[in-house]
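Asks: Structure file entry15.tsv (TSV, C-alpha atoms) is given on the next line.
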```tsv
chain	number	residue	atom	x	y	z
A	1	MET	CA	69.31	21.98	50.80
A	2	PRO	CA	69.70	23.41	48.31
A	3	ILE	CA	71.30	20.69	46.21
A	4	VAL	CA	73.29	22.13	43.33
A	5	ASN	CA	74.51	20.07	40.38
A	6	ILE	CA	76.90	21.80	37.99
A	7	THR	CA	77.78	20.35	34.59
A	8	MET	CA	80.87	22.13	33.30
A	9	LEU	CA	83.61	21.72	30.72
A	10	GLU	CA	86.49	19.67	32.08
A	11	GLY	CA	89.76	21.43	32.89
A	12	ARG	CA	88.98	23.58	35.92
A	13	THR	CA	91.44	23.25	38.81
A	14	GLU	CA	90.65	22.24	42.37
A	15	ASP	CA	91.33	25.82	43.46
A	16	GLN	CA	88.77	27.11	40.96
A	17	LYS	CA	86.22	24.56	42.15
A	18	ARG	CA	86.87	25.42	45.81
A	19	ALA	CA	86.44	29.14	45.20
A	20	ALA	CA	83.34	28.68	43.01
A	21	THR	CA	81.55	26.31	45.42
A	22	GLN	CA	82.24	28.59	48.39
A	23	ALA	CA	80.95	31.64	46.50
A	24	ILE	CA	77.86	29.72	45.34
A	25	THR	CA	77.17	28.66	48.93
A	26	GLU	CA	77.45	32.27	50.08
A	27	ALA	CA	75.03	33.30	47.33
A	28	LEU	CA	72.47	30.72	48.50
A	29	VAL	CA	72.94	31.64	52.16
A	30	GLN	CA	72.66	35.38	51.50
A	31	HIS	CA	69.82	35.37	48.99
A	32	CYS	CA	67.82	32.23	49.79
A	33	GLY	CA	68.39	31.87	53.54
A	34	ALA	CA	70.07	28.50	53.12
A	35	LYS	CA	72.13	27.10	56.01
A	36	PRO	CA	75.76	26.76	54.83
A	37	GLU	CA	76.10	23.27	56.30
A	38	ASN	CA	73.08	22.11	54.29
A	39	VAL	CA	74.30	23.27	50.86
A	40	VAL	CA	75.50	20.36	48.74
A	41	ILE	CA	77.21	20.95	45.39
A	42	THR	CA	78.34	18.34	42.88
A	43	ILE	CA	80.30	19.06	39.72
A	44	VAL	CA	80.26	16.82	36.67
A	45	ASP	CA	83.07	17.54	34.23
A	46	VAL	CA	82.32	16.90	30.55
A	47	PRO	CA	84.41	17.20	27.36
A	48	THR	CA	83.57	19.80	24.69
A	49	THR	CA	82.07	17.05	22.52
A	50	ASN	CA	79.38	16.56	25.17
A	51	VAL	CA	77.89	20.04	25.23
A	52	TYR	CA	75.56	21.44	22.57
A	53	MET	CA	74.81	25.15	22.92
A	54	ASN	CA	73.97	28.04	20.58
A	55	GLY	CA	73.28	25.62	17.76
A	56	MET	CA	76.44	23.50	17.82
A	57	LEU	CA	78.74	21.25	19.83
A	58	VAL	CA	81.24	23.28	21.84
A	59	SER	CA	83.98	21.15	20.24
A	60	ASP	CA	82.91	22.43	16.81
A	61	LYS	CA	82.69	25.98	18.10
A	62	ARG	CA	86.27	25.70	19.38
A	63	ARG	CA	87.46	24.57	15.93
A	64	ASN	CA	85.55	27.34	14.13
A	65	PRO	CA	85.42	30.22	16.56
A	66	SER	CA	84.07	32.69	13.91
B	1	MET	CA	65.28	26.33	27.23
B	2	PRO	CA	64.69	23.50	27.10
B	3	ILE	CA	67.70	22.10	28.94
B	4	VAL	CA	68.36	18.48	28.03
B	5	ASN	CA	70.66	16.19	29.99
B	6	ILE	CA	71.43	12.82	28.44
B	7	THR	CA	73.11	10.01	30.38
B	8	MET	CA	74.36	7.44	27.90
B	9	LEU	CA	76.77	4.53	27.68
B	10	GLU	CA	80.28	5.69	26.86
B	11	GLY	CA	81.65	4.96	23.39
B	12	ARG	CA	79.62	7.17	21.05
B	13	THR	CA	81.68	9.24	18.60
B	14	GLU	CA	81.67	13.02	18.23
B	15	ASP	CA	79.87	12.60	14.90
B	16	GLN	CA	77.12	10.57	16.58
B	17	LYS	CA	76.77	13.19	19.31
B	18	ARG	CA	76.66	16.03	16.77
B	19	ALA	CA	73.95	14.33	14.72
B	20	ALA	CA	71.89	13.33	17.78
B	21	THR	CA	72.00	16.78	19.42
B	22	GLN	CA	71.03	18.50	16.17
B	23	ALA	CA	68.12	16.10	15.65
B	24	ILE	CA	66.98	16.53	19.26
B	25	THR	CA	67.07	20.30	18.85
B	26	GLU	CA	64.95	20.04	15.69
B	27	ALA	CA	62.48	17.84	17.57
B	28	LEU	CA	62.15	20.43	20.35
B	29	VAL	CA	61.85	23.31	17.87
B	30	GLN	CA	59.26	21.52	15.74
B	31	HIS	CA	57.13	19.99	18.48
B	32	CYS	CA	57.59	22.31	21.48
B	33	GLY	CA	58.19	25.67	19.78
B	34	ALA	CA	61.64	25.99	21.32
B	35	LYS	CA	64.07	28.53	19.82
B	36	PRO	CA	67.10	26.63	18.45
B	37	GLU	CA	69.58	29.05	20.03
B	38	ASN	CA	68.01	28.43	23.47
B	39	VAL	CA	68.28	24.62	23.41
B	40	VAL	CA	71.11	23.38	25.64
B	41	ILE	CA	72.10	19.71	25.67
B	42	THR	CA	74.68	18.04	27.89
B	43	ILE	CA	75.78	14.42	27.60
B	44	VAL	CA	77.24	12.44	30.49
B	45	ASP	CA	78.99	9.25	29.40
B	46	VAL	CA	78.88	6.35	31.86
B	47	PRO	CA	80.34	2.82	31.79
B	48	THR	CA	78.08	-0.25	31.62
B	49	THR	CA	78.72	-0.89	35.33
B	50	ASN	CA	76.92	2.38	36.10
B	51	VAL	CA	73.55	1.64	34.56
B	52	TYR	CA	70.90	-0.62	36.08
B	53	MET	CA	67.95	-1.38	33.78
B	54	ASN	CA	65.50	-4.25	33.27
B	55	GLY	CA	66.55	-5.79	36.56
B	56	MET	CA	70.33	-5.84	36.17
B	57	LEU	CA	73.51	-3.87	35.54
B	58	VAL	CA	74.10	-3.40	31.81
B	59	SER	CA	77.60	-4.85	32.36
B	60	ASP	CA	76.01	-8.11	33.57
B	61	LYS	CA	73.55	-8.07	30.70
B	62	ARG	CA	76.46	-7.76	28.24
B	63	ARG	CA	78.15	-10.81	29.82
B	64	ASN	CA	74.96	-12.88	29.75
B	65	PRO	CA	72.97	-11.60	26.81
B	66	SER	CA	70.39	-14.46	26.99
C	1	MET	CA	69.69	3.80	27.83
C	2	PRO	CA	70.01	6.57	27.00
C	3	ILE	CA	68.26	8.32	29.86
C	4	VAL	CA	67.10	11.80	28.88
C	5	ASN	CA	65.97	14.42	31.37
C	6	ILE	CA	64.42	17.56	29.93
C	7	THR	CA	63.81	20.68	32.01
C	8	MET	CA	61.40	22.91	30.13
C	9	LEU	CA	59.08	25.86	30.70
C	10	GLU	CA	55.66	24.70	31.89
C	11	GLY	CA	52.73	24.99	29.48
C	12	ARG	CA	53.43	22.37	26.79
C	13	THR	CA	50.52	20.06	25.99
C	14	GLU	CA	50.48	16.27	26.21
C	15	ASP	CA	50.40	16.14	22.41
C	16	GLN	CA	53.54	18.28	22.21
C	17	LYS	CA	55.29	16.07	24.77
C	18	ARG	CA	54.25	12.89	22.93
C	19	ALA	CA	55.54	14.18	19.61
C	20	ALA	CA	58.78	15.52	21.08
C	21	THR	CA	59.63	12.37	23.04
C	22	GLN	CA	58.95	10.15	20.01
C	23	ALA	CA	61.14	12.34	17.78
C	24	ILE	CA	63.91	12.41	20.38
C	25	THR	CA	63.77	8.62	20.63
C	26	GLU	CA	64.06	8.33	16.84
C	27	ALA	CA	67.05	10.69	16.92
C	28	LEU	CA	68.81	8.51	19.52
C	29	VAL	CA	67.95	5.30	17.66
C	30	GLN	CA	69.09	6.65	14.30
C	31	HIS	CA	72.24	8.48	15.39
C	32	CYS	CA	73.40	6.64	18.52
C	33	GLY	CA	72.17	3.09	17.83
C	34	ALA	CA	69.93	3.13	20.89
C	35	LYS	CA	67.18	0.48	21.18
C	36	PRO	CA	63.79	2.28	21.20
C	37	GLU	CA	62.51	0.22	24.14
C	38	ASN	CA	65.53	1.28	26.22
C	39	VAL	CA	65.13	5.05	25.77
C	40	VAL	CA	63.72	6.70	28.88
C	41	ILE	CA	62.75	10.37	28.86
C	42	THR	CA	61.52	12.45	31.80
C	43	ILE	CA	60.29	16.03	31.57
C	44	VAL	CA	60.35	18.45	34.48
C	45	ASP	CA	58.18	21.52	33.94
C	46	VAL	CA	59.36	24.73	35.59
C	47	PRO	CA	57.92	28.27	35.73
C	48	THR	CA	59.69	31.19	34.04
C	49	THR	CA	60.93	32.38	37.46
C	50	ASN	CA	62.99	29.19	37.71
C	51	VAL	CA	65.15	29.57	34.60
C	52	TYR	CA	68.11	31.93	34.29
C	53	MET	CA	69.53	32.23	30.76
C	54	ASN	CA	71.30	34.91	28.71
C	55	GLY	CA	71.93	36.95	31.85
C	56	MET	CA	68.45	37.08	33.34
C	57	LEU	CA	65.46	35.17	34.64
C	58	VAL	CA	63.11	34.18	31.79
C	59	SER	CA	60.29	35.83	33.78
C	60	ASP	CA	62.15	39.16	33.56
C	61	LYS	CA	62.88	38.61	29.89
C	62	ARG	CA	59.16	38.07	29.25
C	63	ARG	CA	58.34	41.37	31.00
C	64	ASN	CA	61.02	43.29	29.08
C	65	PRO	CA	61.33	41.53	25.76
C	66	SER	CA	63.60	44.26	24.22
D	1	MET	CA	59.81	4.61	36.71
D	2	PRO	CA	61.17	5.62	39.06
D	3	ILE	CA	64.34	6.97	37.48
D	4	VAL	CA	67.18	7.19	39.99
D	5	ASN	CA	70.37	9.14	39.38
D	6	ILE	CA	73.15	8.68	41.92
D	7	THR	CA	76.19	10.95	42.05
D	8	MET	CA	78.85	9.25	44.15
D	9	LEU	CA	82.57	9.42	44.85
D	10	GLU	CA	84.54	7.35	42.34
D	11	GLY	CA	86.12	4.10	43.54
D	12	ARG	CA	83.18	1.76	44.19
D	13	THR	CA	83.48	-1.67	42.61
D	14	GLU	CA	81.07	-3.29	40.18
D	15	ASP	CA	80.01	-5.68	42.95
D	16	GLN	CA	79.17	-2.77	45.24
D	17	LYS	CA	77.19	-1.09	42.46
D	18	ARG	CA	75.32	-4.32	41.66
D	19	ALA	CA	74.35	-4.88	45.29
D	20	ALA	CA	73.36	-1.24	45.86
D	21	THR	CA	71.20	-0.96	42.72
D	22	GLN	CA	69.42	-4.23	43.49
D	23	ALA	CA	68.72	-3.12	47.08
D	24	ILE	CA	67.51	0.30	45.89
D	25	THR	CA	65.18	-1.38	43.41
D	26	GLU	CA	63.77	-3.59	46.17
D	27	ALA	CA	63.25	-0.47	48.33
D	28	LEU	CA	61.28	1.22	45.55
D	29	VAL	CA	59.26	-1.91	44.80
D	30	GLN	CA	58.44	-2.55	48.45
D	31	HIS	CA	57.73	1.00	49.57
D	32	CYS	CA	56.55	2.80	46.43
D	33	GLY	CA	54.89	-0.04	44.49
D	34	ALA	CA	57.31	0.34	41.59
D	35	LYS	CA	57.59	-2.51	39.05
D	36	PRO	CA	61.15	-3.90	39.19
D	37	GLU	CA	61.48	-3.93	35.39
D	38	ASN	CA	60.63	-0.21	35.27
D	39	VAL	CA	63.27	0.96	37.76
D	40	VAL	CA	66.19	2.65	36.03
D	41	ILE	CA	69.29	3.67	37.96
D	42	THR	CA	72.32	5.56	36.66
D	43	ILE	CA	75.48	6.24	38.64
D	44	VAL	CA	77.82	9.14	37.92
D	45	ASP	CA	81.22	8.77	39.57
D	46	VAL	CA	82.97	12.01	40.58
D	47	PRO	CA	86.34	12.77	42.19
D	48	THR	CA	86.58	14.25	45.70
D	49	THR	CA	87.40	17.65	44.17
D	50	ASN	CA	83.93	17.70	42.63
D	51	VAL	CA	81.83	17.43	45.78
D	52	TYR	CA	81.22	20.28	48.22
D	53	MET	CA	79.46	19.24	51.45
D	54	ASN	CA	79.42	20.39	55.09
D	55	GLY	CA	81.17	23.62	54.12
D	56	MET	CA	84.12	22.29	52.11
D	57	LEU	CA	85.31	20.21	49.19
D	58	VAL	CA	85.53	16.53	50.11
D	59	SER	CA	89.13	16.59	48.84
D	60	ASP	CA	89.97	19.22	51.48
D	61	LYS	CA	88.09	17.25	54.13
D	62	ARG	CA	90.18	14.17	53.26
D	63	ARG	CA	93.42	16.18	53.72
D	64	ASN	CA	92.27	17.67	57.03
D	65	PRO	CA	89.99	15.10	58.58
D	66	SER	CA	89.85	16.91	61.97
E	1	MET	CA	77.60	11.62	49.43
E	2	PRO	CA	76.10	9.86	47.67
E	3	ILE	CA	73.56	12.32	46.28
E	4	VAL	CA	70.47	10.56	44.97
E	5	ASN	CA	67.88	12.21	42.75
E	6	ILE	CA	64.70	10.26	42.10
E	7	THR	CA	62.20	11.24	39.41
E	8	MET	CA	58.94	9.43	40.09
E	9	LEU	CA	55.27	9.55	39.15
E	10	GLU	CA	53.36	11.89	41.43
E	11	GLY	CA	50.97	10.39	43.98
E	12	ARG	CA	53.23	8.66	46.52
E	13	THR	CA	52.49	9.49	50.15
E	14	GLU	CA	54.87	10.97	52.69
E	15	ASP	CA	54.95	7.61	54.47
E	16	GLN	CA	56.01	5.87	51.25
E	17	LYS	CA	58.72	8.48	50.65
E	18	ARG	CA	59.97	8.18	54.25
E	19	ALA	CA	60.21	4.39	54.03
E	20	ALA	CA	61.82	4.42	50.58
E	21	THR	CA	64.45	7.04	51.43
E	22	GLN	CA	65.40	5.23	54.65
E	23	ALA	CA	65.72	1.90	52.82
E	24	ILE	CA	67.77	3.51	50.04
E	25	THR	CA	70.08	5.05	52.63
E	26	GLU	CA	70.55	1.65	54.28
E	27	ALA	CA	71.35	0.15	50.87
E	28	LEU	CA	74.05	2.77	50.24
E	29	VAL	CA	75.47	2.39	53.76
E	30	GLN	CA	75.54	-1.40	53.59
E	31	HIS	CA	76.77	-1.86	50.03
E	32	CYS	CA	78.78	1.29	49.30
E	33	GLY	CA	80.12	2.20	52.75
E	34	ALA	CA	78.34	5.55	52.73
E	35	LYS	CA	77.88	7.41	56.02
E	36	PRO	CA	74.13	7.73	56.74
E	37	GLU	CA	74.42	11.40	57.65
E	38	ASN	CA	76.03	12.14	54.27
E	39	VAL	CA	73.33	10.55	52.10
E	40	VAL	CA	71.13	13.17	50.46
E	41	ILE	CA	68.02	12.17	48.50
E	42	THR	CA	65.70	14.44	46.53
E	43	ILE	CA	62.46	13.34	44.87
E	44	VAL	CA	60.93	15.13	41.91
E	45	ASP	CA	57.29	14.17	41.30
E	46	VAL	CA	56.12	14.25	37.68
E	47	PRO	CA	52.75	13.57	36.00
E	48	THR	CA	52.26	10.57	33.68
E	49	THR	CA	52.41	12.92	30.68
E	50	ASN	CA	56.03	13.69	31.56
E	51	VAL	CA	57.51	10.20	31.39
E	52	TYR	CA	58.27	8.34	28.16
E	53	MET	CA	59.23	4.68	28.62
E	54	ASN	CA	58.92	1.45	26.64
E	55	GLY	CA	58.04	3.40	23.51
E	56	MET	CA	55.25	5.64	24.81
E	57	LEU	CA	54.16	8.25	27.33
E	58	VAL	CA	53.03	6.63	30.59
E	59	SER	CA	49.78	8.61	30.25
E	60	ASP	CA	49.07	6.80	26.96
E	61	LYS	CA	50.04	3.46	28.48
E	62	ARG	CA	47.55	4.07	31.29
E	63	ARG	CA	44.78	4.72	28.75
E	64	ASN	CA	45.67	1.65	26.68
E	65	PRO	CA	47.08	-0.86	29.12
E	66	SER	CA	47.04	-3.74	26.56
F	1	MET	CA	78.26	26.41	30.13
F	2	PRO	CA	78.29	25.82	32.96
F	3	ILE	CA	74.81	24.38	33.36
F	4	VAL	CA	73.58	24.62	36.95
F	5	ASN	CA	70.57	22.74	38.27
F	6	ILE	CA	69.39	23.66	41.75
F	7	THR	CA	66.88	21.54	43.69
F	8	MET	CA	65.53	23.63	46.56
F	9	LEU	CA	62.64	23.71	49.01
F	10	GLU	CA	59.63	25.47	47.51
F	11	GLY	CA	58.72	28.92	48.86
F	12	ARG	CA	61.51	31.21	47.64
F	13	THR	CA	60.34	34.38	45.93
F	14	GLU	CA	61.18	35.54	42.42
F	15	ASP	CA	63.37	38.26	43.93
F	16	GLN	CA	65.34	35.67	45.90
F	17	LYS	CA	65.77	33.54	42.79
F	18	ARG	CA	66.87	36.55	40.72
F	19	ALA	CA	69.48	37.59	43.28
F	20	ALA	CA	70.75	34.04	43.81
F	21	THR	CA	71.09	33.22	40.10
F	22	GLN	CA	72.92	36.49	39.41
F	23	ALA	CA	75.32	35.90	42.31
F	24	ILE	CA	75.91	32.30	41.20
F	25	THR	CA	76.66	33.51	37.67
F	26	GLU	CA	79.16	36.03	39.03
F	27	ALA	CA	80.80	33.26	41.08
F	28	LEU	CA	81.21	31.09	37.96
F	29	VAL	CA	82.48	34.02	35.88
F	30	GLN	CA	84.95	35.14	38.53
F	31	HIS	CA	86.26	31.75	39.65
F	32	CYS	CA	85.81	29.49	36.62
F	33	GLY	CA	86.19	31.95	33.73
F	34	ALA	CA	82.68	31.26	32.48
F	35	LYS	CA	81.10	33.71	30.04
F	36	PRO	CA	78.00	35.24	31.72
F	37	GLU	CA	75.85	34.75	28.61
F	38	ASN	CA	76.67	31.01	28.61
F	39	VAL	CA	75.64	30.31	32.22
F	40	VAL	CA	72.32	28.51	32.41
F	41	ILE	CA	70.60	27.89	35.75
F	42	THR	CA	67.41	25.95	36.38
F	43	ILE	CA	65.65	25.68	39.73
F	44	VAL	CA	63.37	22.81	40.68
F	45	ASP	CA	61.20	23.53	43.71
F	46	VAL	CA	60.32	20.55	45.90
F	47	PRO	CA	58.18	20.16	49.06
F	48	THR	CA	59.76	19.20	52.40
F	49	THR	CA	58.42	15.65	51.97
F	50	ASN	CA	60.69	15.23	48.95
F	51	VAL	CA	64.06	15.88	50.60
F	52	TYR	CA	65.90	13.39	52.81
F	53	MET	CA	68.96	14.80	54.57
F	54	ASN	CA	70.82	14.19	57.84
F	55	GLY	CA	68.94	10.92	58.33
F	56	MET	CA	65.36	12.07	57.87
F	57	LEU	CA	62.80	13.76	55.62
F	58	VAL	CA	62.92	17.55	56.00
F	59	SER	CA	59.15	17.42	56.68
F	60	ASP	CA	59.82	15.25	59.75
F	61	LYS	CA	62.68	17.49	60.82
F	62	ARG	CA	60.32	20.50	60.66
F	63	ARG	CA	57.79	18.69	62.92
F	64	ASN	CA	60.47	17.63	65.42
F	65	PRO	CA	63.11	20.31	65.26
F	66	SER	CA	64.99	18.98	68.37
```
Written as structure tokens, that's how I'd like the structure from this file.

Replies:
Amino acid sequence: MPIVNITMLEGRTEDQKRAATQAITEALVQHCGAKPENVVITIVDVPTTNVYMNGMLVSDKRRNPS
Amino acid sequence: MPIVNITMLEGRTEDQKRAATQAITEALVQHCGAKPENVVITIVDVPTTNVYMNGMLVSDKRRNPS
Amino acid sequence: MPIVNITMLEGRTEDQKRAATQAITEALVQHCGAKPENVVITIVDVPTTNVYMNGMLVSDKRRNPS
Amino acid sequence: MPIVNITMLEGRTEDQKRAATQAITEALVQHCGAKPENVVITIVDVPTTNVYMNGMLVSDKRRNPS
Amino acid sequence: MPIVNITMLEGRTEDQKRAATQAITEALVQHCGAKPENVVITIVDVPTTNVYMNGMLVSDKRRNPS
Amino acid sequence: MPIVNITMLEGRTEDQKRAATQAITEALVQHCGAKPENVVITIVDVPTTNVYMNGMLVSDKRRNPS
């Protein structure tokens, strides 16, 4: 505990994921009193066609960044 | 808000995902008073071997549709 | 299939949830070819202290709506 | 009901997934009184770079199994 | 790993949850080669108004069980 | 994006949740290049009876901390 599930756009590197998960663990340890060995984080990578935010698919936003 | 996560069988097109996410947003705006710009939808595509429903894997159901 | 999980701010009525889930099912049937009897939707209600969006907790946003 | 979502390391076979989902359904029927036809299970496969547990990414753990 | 998230109707006892989580762990160990100490299971209890299945809210189904 | 869902033991204060979500956002901005305004975090609080980890329910672990 806590169990963290992150859905993010595909394309991040292993180094980015390592750094992000370590920093997130530190945040939960520091601010929520979590034990580092009990923090579990999973990342699910999704394409831009699979995220709808701010009124449109991210894939559409990327094509029409206005 | 609301945050919607949809797990669905892989194979839907971007057009299908665009239309579905827009219609789902309208449903949440109309029936739950959500603000359209605050609705976030993620879609996770999974193969038929990764869904168990009505007593069997969907992949088995597809092989034996009786 | 599809399986839809909605995390939303607590406070919506049963009528709102009935109308929203029916409309979401219709959206998935119409746009993704889902079978109505196979659509499963779960709703998890959370308090405003449990949602962080647009740079702040929704509970803080409600206190300082500027 | 219940709705079960399993995030697991990629690489399991269809046979493994069939056996696991059937056994999980039996567990929920036997211990929680679930109806077998209402149990829905989805599996999301992730690479070792996408799981952080026991203080590190599983991909790092695999490289340094000490 | 695996990480299991179960959304179920509220009302199950601690004994039921203990028995179900142990049996689910055994299923994942036996059929997927998981290590028992790495299996993590979370349960989210929801009311009948928060589950839509087989074309209706479970709360409605309970009122009209025909 | 990214969308973060945290399942944690109930009992954390609003201040803890504010600090943790801000730190998690900074981690995702710094290490994954996320835009702060696009990070969405939801927290689902669960009782100790609803988490199974390291071979037992957390509620049992709390009763027998050996």

Asks: I need the contact residues of chain B against chain A, so if you could list those with any atom within 9 Å, counting all atoms listed in the file, and return them as an MDAnalysis selection string, that would help.

Replies: chainID B and resid 13:14 17:18 21:22 25 36:45

Asks: Deliver the residues from the most recent selection as a file, using C-alpha atoms, as a CSV table (one decimal), keeping the file's coordinate frame.

Replies:
```csv
chain,number,residue,atom,x,y,z
B,13,THR,CA,81.7,9.2,18.6
B,14,GLU,CA,81.7,13.0,18.2
B,17,LYS,CA,76.8,13.2,19.3
B,18,ARG,CA,76.7,16.0,16.8
B,21,THR,CA,72.0,16.8,19.4
B,22,GLN,CA,71.0,18.5,16.2
B,25,THR,CA,67.1,20.3,18.8
B,36,PRO,CA,67.1,26.6,18.4
B,37,GLU,CA,69.6,29.0,20.0
B,38,ASN,CA,68.0,28.4,23.5
B,39,VAL,CA,68.3,24.6,23.4
B,40,VAL,CA,71.1,23.4,25.6
B,41,ILE,CA,72.1,19.7,25.7
B,42,THR,CA,74.7,18.0,27.9
B,43,ILE,CA,75.8,14.4,27.6
B,44,VAL,CA,77.2,12.4,30.5
B,45,ASP,CA,79.0,9.2,29.4
```

Asks: Both chains have the same sequence, so match all Cα atoms in order, fit chain E onto chain A by least squares, and return it as a PDB file with C-alpha atoms, in the coordinates of the input.

Replies:
```
ATOM      1  CA  MET E   1      69.309  21.990  50.815  1.00  0.00           C
ATOM      2  CA  PRO E   2      69.683  23.420  48.313  1.00  0.00           C
ATOM      3  CA  ILE E   3      71.305  20.690  46.226  1.00  0.00           C
ATOM      4  CA  VAL E   4      73.283  22.124  43.329  1.00  0.00           C
ATOM      5  CA  ASN E   5      74.510  20.074  40.388  1.00  0.00           C
ATOM      6  CA  ILE E   6      76.884  21.788  37.986  1.00  0.00           C
ATOM      7  CA  THR E   7      77.776  20.336  34.589  1.00  0.00           C
ATOM      8  CA  MET E   8      80.877  22.101  33.311  1.00  0.00           C
ATOM      9  CA  LEU E   9      83.614  21.707  30.718  1.00  0.00           C
ATOM     10  CA  GLU E  10      86.486  19.650  32.076  1.00  0.00           C
ATOM     11  CA  GLY E  11      89.760  21.410  32.877  1.00  0.00           C
ATOM     12  CA  ARG E  12      88.975  23.573  35.919  1.00  0.00           C
ATOM     13  CA  THR E  13      91.433  23.248  38.794  1.00  0.00           C
ATOM     14  CA  GLU E  14      90.666  22.241  42.358  1.00  0.00           C
ATOM     15  CA  ASP E  15      91.342  25.823  43.442  1.00  0.00           C
ATOM     16  CA  GLN E  16      88.772  27.120  40.946  1.00  0.00           C
ATOM     17  CA  LYS E  17      86.219  24.555  42.138  1.00  0.00           C
ATOM     18  CA  ARG E  18      86.887  25.418  45.801  1.00  0.00           C
ATOM     19  CA  ALA E  19      86.425  29.143  45.183  1.00  0.00           C
ATOM     20  CA  ALA E  20      83.331  28.677  43.015  1.00  0.00           C
ATOM     21  CA  THR E  21      81.560  26.309  45.414  1.00  0.00           C
ATOM     22  CA  GLN E  22      82.245  28.599  48.386  1.00  0.00           C
ATOM     23  CA  ALA E  23      80.941  31.640  46.491  1.00  0.00           C
ATOM     24  CA  ILE E  24      77.853  29.725  45.342  1.00  0.00           C
ATOM     25  CA  THR E  25      77.174  28.663  48.924  1.00  0.00           C
ATOM     26  CA  GLU E  26      77.445  32.281  50.082  1.00  0.00           C
ATOM     27  CA  ALA E  27      75.016  33.302  47.329  1.00  0.00           C
ATOM     28  CA  LEU E  28      72.458  30.723  48.492  1.00  0.00           C
ATOM     29  CA  VAL E  29      72.936  31.661  52.158  1.00  0.00           C
ATOM     30  CA  GLN E  30      72.647  35.386  51.500  1.00  0.00           C
ATOM     31  CA  HIS E  31      69.810  35.374  48.980  1.00  0.00           C
ATOM     32  CA  CYS E  32      67.823  32.230  49.794  1.00  0.00           C
ATOM     33  CA  GLY E  33      68.386  31.879  53.547  1.00  0.00           C
ATOM     34  CA  ALA E  34      70.054  28.496  53.138  1.00  0.00           C
ATOM     35  CA  LYS E  35      72.141  27.114  56.007  1.00  0.00           C
ATOM     36  CA  PRO E  36      75.770  26.759  54.830  1.00  0.00           C
ATOM     37  CA  GLU E  37      76.105  23.273  56.283  1.00  0.00           C
ATOM     38  CA  ASN E  38      73.073  22.114  54.277  1.00  0.00           C
ATOM     39  CA  VAL E  39      74.296  23.271  50.857  1.00  0.00           C
ATOM     40  CA  VAL E  40      75.505  20.361  48.746  1.00  0.00           C
ATOM     41  CA  ILE E  41      77.211  20.949  45.390  1.00  0.00           C
ATOM     42  CA  THR E  42      78.349  18.332  42.886  1.00  0.00           C
ATOM     43  CA  ILE E  43      80.311  19.057  39.710  1.00  0.00           C
ATOM     44  CA  VAL E  44      80.258  16.802  36.673  1.00  0.00           C
ATOM     45  CA  ASP E  45      83.089  17.526  34.223  1.00  0.00           C
ATOM     46  CA  VAL E  46      82.332  16.880  30.550  1.00  0.00           C
ATOM     47  CA  PRO E  47      84.414  17.182  27.354  1.00  0.00           C
ATOM     48  CA  THR E  48      83.586  19.795  24.688  1.00  0.00           C
ATOM     49  CA  THR E  49      82.072  17.045  22.523  1.00  0.00           C
ATOM     50  CA  ASN E  50      79.384  16.547  25.168  1.00  0.00           C
ATOM     51  CA  VAL E  51      77.878  20.030  25.246  1.00  0.00           C
ATOM     52  CA  TYR E  52      75.560  21.432  22.576  1.00  0.00           C
ATOM     53  CA  MET E  53      74.810  25.154  22.915  1.00  0.00           C
ATOM     54  CA  ASN E  54      73.984  28.050  20.596  1.00  0.00           C
ATOM     55  CA  GLY E  55      73.287  25.637  17.756  1.00  0.00           C
ATOM     56  CA  MET E  56      76.439  23.504  17.826  1.00  0.00           C
ATOM     57  CA  LEU E  57      78.725  21.246  19.831  1.00  0.00           C
ATOM     58  CA  VAL E  58      81.248  23.275  21.843  1.00  0.00           C
ATOM     59  CA  SER E  59      83.985  21.145  20.241  1.00  0.00           C
ATOM     60  CA  ASP E  60      82.918  22.433  16.805  1.00  0.00           C
ATOM     61  CA  LYS E  61      82.692  25.992  18.105  1.00  0.00           C
ATOM     62  CA  ARG E  62      86.262  25.699  19.384  1.00  0.00           C
ATOM     63  CA  ARG E  63      87.450  24.585  15.935  1.00  0.00           C
ATOM     64  CA  ASN E  64      85.542  27.356  14.152  1.00  0.00           C
ATOM     65  CA  PRO E  65      85.417  30.243  16.579  1.00  0.00           C
ATOM     66  CA  SER E  66      84.084  32.720  13.945  1.00  0.00           C
TER      67      SER E  66
END
```

Asks: So what do you get for atom CA of B:Val4 versus atom CA of C:Asn5, distance-wise?

Replies: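 Computing it gives 5.8 Å between the two atoms.
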
Asks: Residues near stretch 29-34 of chain F, anyone? I mean within 6 Å using only C-alpha atoms, not counting same-chain ones fewer than 2 positions away, as an NGL selection string.

Replies: (:A and (16 or 20)) or (:F and (26-27))

Asks: What does the structure give for the distance between atom CA of F:Gly11 and atom CA of B:Pro2, in Å to one decimal?

Replies: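 Going from atom CA of F:Gly11 over to atom CA of B:Pro2, I get 23.2 Å.
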
Asks: Calculate how many Å separate atom CA of F:Arg63 from atom CA of F:Glu10, rounding to one decimal.

Replies: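 Calculated distance between atom CA of F:Arg63 and atom CA of F:Glu10 is 16.9 Å.
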